[in-house]
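As provided, data_16.txt (compact mmCIF, C-alpha atoms (C1' of nucleotides)) reads as follows.
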# COMPACT_ATOMS: atom_id res chain seq x y z
CA MET A 276 79.43 124.17 119.37
CA ASN A 277 81.12 120.83 118.92
CA ARG A 278 84.38 121.42 117.13
CA SER A 279 85.74 117.91 117.44
CA LYS A 280 86.02 116.06 114.17
CA GLY A 281 84.63 112.63 113.70
CA ARG A 282 82.48 112.65 116.78
CA VAL A 283 79.60 110.28 116.28
CA PRO A 284 76.38 111.78 117.63
CA LYS A 285 74.78 108.44 118.31
CA LYS A 286 72.50 108.23 121.31
CA ASP A 287 72.72 104.49 121.85
CA LEU A 288 76.39 104.30 122.74
CA THR A 289 77.20 102.73 126.08
CA PRO A 290 78.05 105.55 128.52
CA LEU A 291 81.75 105.53 129.33
CA ALA A 292 80.93 105.22 133.02
CA ASP A 293 79.28 101.90 132.17
CA VAL A 294 82.28 100.80 130.12
CA TYR A 295 84.33 101.36 133.25
CA SER A 296 81.89 99.34 135.35
CA ILE A 297 82.16 96.42 132.97
CA LEU A 298 85.96 96.46 133.10
CA ARG A 299 86.07 97.00 136.83
CA THR A 300 83.65 94.15 137.49
CA HIS A 301 85.60 91.85 135.22
CA PHE A 302 89.13 92.61 136.43
CA GLY A 303 88.71 94.27 139.81
CA HIS A 304 90.80 97.26 140.82
CA ARG A 305 94.08 97.48 138.94
CA ASP A 306 97.04 98.64 140.93
CA TRP A 307 98.11 100.65 137.97
CA TRP A 308 101.52 102.23 137.87
CA PRO A 309 102.59 101.29 141.35
CA GLY A 310 106.03 103.03 141.41
CA ASP A 311 107.88 103.25 144.70
CA SER A 312 107.92 107.05 144.44
CA PRO A 313 106.51 109.90 142.35
CA PHE A 314 109.90 110.32 140.69
CA GLU A 315 109.98 106.67 139.68
CA ILE A 316 106.58 107.15 138.07
CA ILE A 317 107.87 110.14 136.14
CA VAL A 318 110.91 108.21 134.94
CA GLY A 319 108.62 105.38 133.86
CA ALA A 320 106.34 107.81 132.03
CA ILE A 321 109.25 109.04 129.94
CA LEU A 322 110.86 105.66 129.37
CA THR A 323 107.65 103.97 128.24
CA GLN A 324 107.13 106.30 125.29
CA ASN A 325 106.34 104.04 122.32
CA THR A 326 107.95 101.16 124.19
CA ALA A 327 106.74 97.94 125.77
CA TRP A 328 106.58 98.23 129.57
CA LYS A 329 108.66 95.07 129.92
CA ASN A 330 111.65 96.89 128.47
CA VAL A 331 111.07 99.81 130.80
CA GLU A 332 111.09 97.55 133.86
CA LYS A 333 114.60 96.39 133.05
CA ALA A 334 115.81 99.96 132.67
CA ILE A 335 114.26 101.00 135.98
CA ALA A 336 115.73 97.95 137.72
CA ASN A 337 119.11 98.97 136.30
CA LEU A 338 118.76 102.50 137.62
CA LYS A 339 117.80 101.19 141.04
CA LYS A 340 120.69 98.75 141.12
CA GLU A 341 123.12 101.55 140.37
CA LYS A 342 121.36 103.89 142.82
CA LYS A 343 120.56 106.35 140.05
CA LEU A 344 116.81 106.48 140.45
CA SER A 345 116.66 109.80 142.26
CA ILE A 346 116.52 113.45 141.36
CA PRO A 347 120.06 114.25 142.56
CA ALA A 348 121.46 111.17 140.81
CA ILE A 349 119.89 112.06 137.46
CA ARG A 350 121.05 115.64 137.95
CA ARG A 351 124.64 114.51 138.40
CA ILE A 352 125.05 111.59 136.02
CA PRO A 353 126.52 112.34 132.58
CA GLN A 354 124.00 111.91 129.80
CA GLU A 355 126.08 109.26 128.02
CA GLU A 356 126.33 107.20 131.19
CA LEU A 357 122.60 107.48 131.82
CA ALA A 358 121.86 106.35 128.26
CA ILE A 359 123.76 103.10 128.86
CA LEU A 360 121.74 102.32 131.99
CA ILE A 361 118.40 102.78 130.23
CA ARG A 362 119.46 101.05 127.03
CA SER A 363 116.76 98.37 127.21
CA SER A 364 113.97 100.92 126.97
CA GLY A 365 114.89 101.91 123.42
CA TYR A 366 115.56 105.43 122.05
CA PHE A 367 118.03 105.56 124.91
CA ASN A 368 119.99 108.60 123.75
CA GLN A 369 116.80 110.61 123.34
CA LYS A 370 115.38 109.41 126.63
CA ALA A 371 118.57 110.25 128.53
CA ILE A 372 118.21 113.82 127.24
CA LYS A 373 114.56 113.84 128.28
CA LEU A 374 115.20 112.62 131.82
CA LYS A 375 117.83 115.25 132.39
CA ALA A 376 115.58 117.89 130.81
CA PHE A 377 112.87 117.08 133.32
CA VAL A 378 115.21 117.46 136.29
CA THR A 379 116.51 120.74 134.89
CA PHE A 380 112.91 121.90 134.59
CA LEU A 381 112.22 120.85 138.16
CA ASP A 382 115.29 122.70 139.40
CA ASP A 383 114.44 125.85 137.45
CA HIS A 384 110.77 126.09 138.44
CA TYR A 385 110.34 124.23 141.71
CA SER A 386 113.77 124.19 143.38
CA GLY A 387 114.17 120.55 142.44
CA SER A 388 111.23 119.57 144.63
CA LEU A 389 108.32 117.42 143.48
CA THR A 390 106.54 118.35 146.71
CA LYS A 391 106.63 122.00 145.73
CA MET A 392 105.62 121.14 142.19
CA ALA A 393 102.64 119.14 143.44
CA LYS A 394 101.23 122.23 145.16
CA ALA A 395 100.71 123.99 141.82
CA SER A 396 97.49 123.80 139.84
CA ILE A 397 96.84 121.76 136.72
CA GLU A 398 96.39 125.02 134.81
CA GLU A 399 99.88 126.11 135.79
CA LEU A 400 101.57 122.74 135.47
CA ARG A 401 100.29 121.31 132.21
CA PRO A 402 101.53 124.05 129.85
CA LYS A 403 104.85 124.13 131.69
CA LEU A 404 105.30 120.38 131.36
CA LEU A 405 104.41 120.51 127.68
CA SER A 406 107.19 123.03 127.13
CA VAL A 407 109.80 120.57 128.43
CA ARG A 408 111.79 118.75 125.79
CA GLY A 409 110.43 115.23 125.41
CA ILE A 410 107.19 115.75 127.30
CA GLY A 411 104.08 115.63 125.14
CA PRO A 412 100.42 115.38 126.15
CA GLU A 413 100.38 111.75 127.26
CA THR A 414 103.57 112.00 129.30
CA ALA A 415 102.49 115.31 130.85
CA ASP A 416 99.10 113.92 131.85
CA SER A 417 100.59 110.68 133.16
CA ILE A 418 102.88 112.74 135.39
CA LEU A 419 100.01 114.92 136.55
CA LEU A 420 97.68 112.01 137.29
CA TYR A 421 99.93 109.28 138.64
CA ALA A 422 102.87 111.18 140.14
CA LEU A 423 101.18 114.37 141.32
CA ASP A 424 97.60 113.17 141.95
CA LYS A 425 95.97 115.72 139.65
CA PRO A 426 92.65 114.71 138.07
CA VAL A 427 93.40 114.77 134.33
CA PHE A 428 92.38 111.89 132.07
CA VAL A 429 95.30 110.23 130.32
CA ILE A 430 94.82 109.27 126.69
CA ASP A 431 97.01 106.74 124.95
CA THR A 432 96.98 104.75 121.74
CA TYR A 433 94.70 102.08 123.19
CA THR A 434 92.21 104.66 124.43
CA LYS A 435 91.93 106.18 120.96
CA ARG A 436 91.51 102.76 119.42
CA LEU A 437 88.81 101.86 121.92
CA LEU A 438 86.87 105.04 121.10
CA TYR A 439 87.15 104.34 117.40
CA ARG A 440 86.44 100.61 117.49
CA HIS A 441 83.35 101.09 119.63
CA TYR A 442 81.95 103.94 117.51
CA TYR A 443 82.46 106.87 119.86
CA PHE A 444 84.24 108.45 116.90
CA ASP A 445 84.18 107.57 113.22
CA GLN A 446 87.95 107.88 113.00
CA GLU A 447 90.69 107.67 115.60
CA PRO A 448 90.24 110.87 117.62
CA THR A 449 92.89 113.45 118.43
CA TYR A 450 94.31 113.51 121.93
CA GLU A 451 92.31 116.58 122.88
CA ASP A 452 89.02 115.26 121.50
CA ALA A 453 89.40 111.95 123.32
CA GLN A 454 90.32 113.66 126.58
CA GLN A 455 87.45 116.08 126.26
CA LEU A 456 85.01 113.21 125.83
CA PHE A 457 86.19 111.38 128.94
CA GLU A 458 86.44 114.44 131.14
CA SER A 459 82.99 115.65 130.16
CA SER A 460 81.22 112.33 130.53
CA ILE A 461 82.53 110.70 133.70
CA GLU A 462 82.81 111.92 137.27
CA LYS A 463 85.93 113.95 137.97
CA ASP A 464 87.45 111.62 140.51
CA LEU A 465 91.13 110.90 141.01
CA GLY A 466 90.71 107.21 141.78
CA LEU A 467 88.36 106.73 138.85
CA PHE A 468 90.67 108.50 136.41
CA LYS A 469 93.61 106.39 137.54
CA ASP A 470 91.84 103.05 137.47
CA PHE A 471 89.89 103.66 134.25
CA HIS A 472 93.05 104.40 132.31
CA GLY A 473 94.68 101.38 133.89
CA GLN A 474 91.74 99.21 132.86
CA ILE A 475 91.96 100.44 129.28
CA VAL A 476 95.65 99.74 128.97
CA GLY A 477 95.02 96.41 130.66
CA VAL A 478 92.73 95.36 127.82
CA GLY A 479 94.88 97.11 125.24
CA HIS A 480 96.03 93.87 123.68
CA PHE A 481 92.46 93.23 122.55
CA PHE A 482 92.85 96.28 120.32
CA CYS A 483 96.21 95.20 119.03
CA LYS A 484 97.37 95.61 115.48
CA PRO A 485 97.19 94.57 112.73
CA LYS A 486 93.66 93.56 113.63
CA PRO A 487 91.78 93.43 116.90
CA GLN A 488 91.58 90.22 118.86
CA CYS A 489 88.16 90.30 120.44
CA GLU A 490 88.08 86.79 121.84
CA GLY A 491 87.71 87.03 125.61
CA CYS A 492 87.50 90.81 125.71
CA PRO A 493 85.00 91.95 128.34
CA LEU A 494 83.80 94.60 125.89
CA GLU A 495 83.15 91.98 123.23
CA HIS A 496 79.39 92.30 123.47
CA LEU A 497 79.44 96.07 122.86
CA PRO A 498 78.95 97.07 119.24
CA HIS A 499 82.35 97.24 117.59
CA ARG A 500 84.09 97.47 114.25
CA SER A 501 86.15 94.55 113.08
CA ASP A 502 88.88 96.47 111.23
C1' DG B 6 112.94 89.05 109.23
C1' DA B 7 108.88 91.95 109.75
C1' DC B 8 106.01 94.09 112.87
C1' DC B 9 104.72 96.19 117.10
C1' DA B 10 105.10 98.45 121.74
C1' DG B 11 101.37 102.76 127.44
C1' DG B 12 105.36 109.12 122.01
C1' DC B 13 107.66 113.07 120.72
C1' DA B 14 110.32 116.60 117.99
C1' DC B 15 111.20 118.50 113.88
C1' DA B 16 110.86 119.26 108.76
C1' DT B 17 108.07 119.98 104.95
C1' DC B 18 104.07 120.87 102.19
C1' DG C 157 96.90 121.70 110.27
C1' DA C 158 98.03 117.37 108.23
C1' DT C 159 101.58 114.15 107.05
C1' DG C 160 106.29 112.01 107.09
C1' DT C 161 110.57 110.67 109.38
C1' DG C 162 114.15 109.62 112.97
C1' DC C 163 114.78 107.76 117.32
C1' DA C 164 116.21 101.92 118.95
C1' DT C 165 115.57 97.80 122.07
C1' DG C 166 113.18 93.46 122.86
C1' DG C 167 109.22 90.22 122.28
C1' DT C 168 106.19 87.60 119.03

For this file, produce the structure as C-alpha cells.
Amino acid sequence: MNRSKGRVPKKDLTPLADVYSILRTHFGHRDWWPGDSPFEIIVGAILTQNTAWKNVEKAIANLKKEKKLSIPAIRRIPQEELAILIRSSGYFNQKAIKLKAFVTFLDDHYSGSLTKMAKASIEELRPKLLSVRGIGPETADSILLYALDKPVFVIDTYTKRLLYRHYYFDQEPTYEDAQQLFESSIEKDLGLFKDFHGQIVGVGHFFCKPKPQCEGCPLEHLPHRSD
DNA sequence: GACCAGGCACATC
DNA sequence: GATGTGCATGGT
C-alpha cells in the first residue's frame, strides 16, 4: 500500500539513478561537505539550518581561529560567548543552544565520543538524534551520512523541489515520502548517497525561488514544470 | 528595502 | 495532521 500523498504513478519518469548519472557526468564527483573532522561536519549541519553556506563558513572560521571547534571547547564555552562567535550564521542564540545540546547529548549517551557513537546502528541513532533540541530530520540525516558514514539519504528543500518540478510528485513531498522514494529506488551505497545529495544541492540554484532558472541546468531536457 | 538561504520548535486550530 | 510564527545574518 502506498500511503504517500501526491506520488505520481507515472511510468515514464527518468529513474533517479539516471538523474544521478546525468549530474555526475556533467559535474564530476563533488567533494561535498569536506569538513576537517566529523565534529566540524556536525557543527556545519547545525549552523547551516535555513542559512546560506557562505555565512556558515565565516562562523566556522571564527570558531577555528578561537580554537573553539572541538567537543571539549563547546562543552566549556558559555552559551552567550559561543553565540557571538557564530553570529554570522544567523539565529545565533538558538544555534548556540543547539550546539551545546548536541555535546550534552554526546556526553550523556556516548561518553562524549563520536567514535563510540559511530559504532551504533542507524536504528538506534536516528530517533535519539531527533530527540535532541534543534536536530530535525535533515540535520539528523546529515550527521548520520556525512559525519558518521551511515547510509541514509538526506532530503533538503532543493531535493523536494526537484521531485516536484520534475513530476515525481504532484506537490512538494514530505521529508519521509521523499526519502522513501530515494532509498527504495537507488542502490544503498554510502558514496552514492553522499555524492547524489551533493549534486542536488549543487544544482539547487536552478530550482531557486521565486521561479526556477532552468538555463544551463543539466536536467533541463527532462520534463519539468515551469512554476 | 524585499526576498531568500543546505530548518526547527512550539502554539493553535 | 496541517498551518502559522519566531528565530537573525548576509548576499542579491

**Report entry** Interface list for chain B, partner chain A, 7 Å threshold, all atoms listed in the file, as a list of chain:residue names
**Finding:**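 Taking all atoms listed in the file into account, B:DA10, B:DG11, B:DG12, B:DC13 sit within 7 Å of chain A.
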
Requested in this report: Using all atoms listed in the file, select each residue of chain C with any atom at most 8 Å away from an atom of chain A, and give the selection as a PyMOL selection string.
Outcome: chain C and resi 163-166

Query raised in the report: Can you list, as a count of residues only, every protein, DNA or RNA residue that comes within 10 Å of DT161 of chain C when you count only C-alpha atoms (C1' of nucleotides), leaving out same-chain residues fewer than 2 positions away?
Result: 4

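Distance-wise, atom CA of Ala292 of chain A and atom CA of Leu423 of chain A end up 23.7 Å apart.
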
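Distances to Pro353 of chain A were evaluated for A:Val429, A:Ile316, A:Leu374, A:Ile335 using only C-alpha atoms, and the minimum falls at A:Leu374.
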
Can you tell me, as lines of an AutoDock Vina configuration file, the centre and edge lengths (Å, one decimal) of the axis-aligned box enclosing all of segment 362-367 of chain A's listed atoms after padding each side by 6 Å?
center_x = 116.7
center_y = 102.0
center_z = 124.6
size_x = 17.5
size_y = 19.2
size_z = 17.2

Query - Polymer residues at most 8 Å from Tyr421 of chain A, all atoms listed in the file, same-chain spacing of 2 or more positions, as a list in words - result: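 Non-adjacent residues within range: Trp308, Pro313, Ile316, Ser417, Ile418, Leu419, Leu423, Asp424, Lys425 and Lys469 of chain A.
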
Output segment 453-466 of chain A as a PDB file, keeping the file's coordinate frame, making sure N, CA and C atoms are there.
ATOM      1  N   ALA A 453      89.625 113.125 122.468  1.00  0.00           N
ATOM      2  CA  ALA A 453      89.400 111.950 123.320  1.00  0.00           C
ATOM      3  C   ALA A 453      89.349 112.368 124.787  1.00  0.00           C
ATOM      4  N   GLN A 454      90.266 113.217 125.185  1.00  0.00           N
ATOM      5  CA  GLN A 454      90.320 113.660 126.580  1.00  0.00           C
ATOM      6  C   GLN A 454      89.059 114.429 126.954  1.00  0.00           C
ATOM      7  N   GLN A 455      88.650 115.290 126.044  1.00  0.00           N
ATOM      8  CA  GLN A 455      87.450 116.080 126.260  1.00  0.00           C
ATOM      9  C   GLN A 455      86.228 115.184 126.484  1.00  0.00           C
ATOM     10  N   LEU A 456      86.145 114.114 125.685  1.00  0.00           N
ATOM     11  CA  LEU A 456      85.010 113.210 125.830  1.00  0.00           C
ATOM     12  C   LEU A 456      85.000 112.545 127.203  1.00  0.00           C
ATOM     13  N   PHE A 457      86.141 112.028 127.623  1.00  0.00           N
ATOM     14  CA  PHE A 457      86.190 111.380 128.940  1.00  0.00           C
ATOM     15  C   PHE A 457      85.899 112.363 130.063  1.00  0.00           C
ATOM     16  N   GLU A 458      86.561 113.510 130.012  1.00  0.00           N
ATOM     17  CA  GLU A 458      86.440 114.440 131.140  1.00  0.00           C
ATOM     18  C   GLU A 458      85.053 115.068 131.224  1.00  0.00           C
ATOM     19  N   SER A 459      84.332 115.069 130.113  1.00  0.00           N
ATOM     20  CA  SER A 459      82.990 115.650 130.160  1.00  0.00           C
ATOM     21  C   SER A 459      81.919 114.603 130.411  1.00  0.00           C
ATOM     22  N   SER A 460      82.293 113.318 130.393  1.00  0.00           N
ATOM     23  CA  SER A 460      81.220 112.330 130.530  1.00  0.00           C
ATOM     24  C   SER A 460      81.371 111.400 131.732  1.00  0.00           C
ATOM     25  N   ILE A 461      82.470 111.484 132.466  1.00  0.00           N
ATOM     26  CA  ILE A 461      82.530 110.700 133.700  1.00  0.00           C
ATOM     27  C   ILE A 461      82.847 111.634 134.871  1.00  0.00           C
ATOM     28  N   GLU A 462      82.582 111.134 136.057  1.00  0.00           N
ATOM     29  CA  GLU A 462      82.810 111.920 137.270  1.00  0.00           C
ATOM     30  C   GLU A 462      84.284 112.269 137.402  1.00  0.00           C
ATOM     31  N   LYS A 463      84.541 113.516 137.803  1.00  0.00           N
ATOM     32  CA  LYS A 463      85.930 113.950 137.970  1.00  0.00           C
ATOM     33  C   LYS A 463      86.467 113.472 139.300  1.00  0.00           C
ATOM     34  N   ASP A 464      87.012 112.259 139.271  1.00  0.00           N
ATOM     35  CA  ASP A 464      87.450 111.620 140.510  1.00  0.00           C
ATOM     36  C   ASP A 464      88.819 110.996 140.297  1.00  0.00           C
ATOM     37  N   LEU A 465      89.749 111.338 141.159  1.00  0.00           N
ATOM     38  CA  LEU A 465      91.130 110.900 141.010  1.00  0.00           C
ATOM     39  C   LEU A 465      91.266 109.386 140.872  1.00  0.00           C
ATOM     40  N   GLY A 466      90.616 108.669 141.795  1.00  0.00           N
ATOM     41  CA  GLY A 466      90.710 107.210 141.780  1.00  0.00           C
ATOM     42  C   GLY A 466      90.106 106.621 140.510  1.00  0.00           C
TER      43      GLY A 466
END
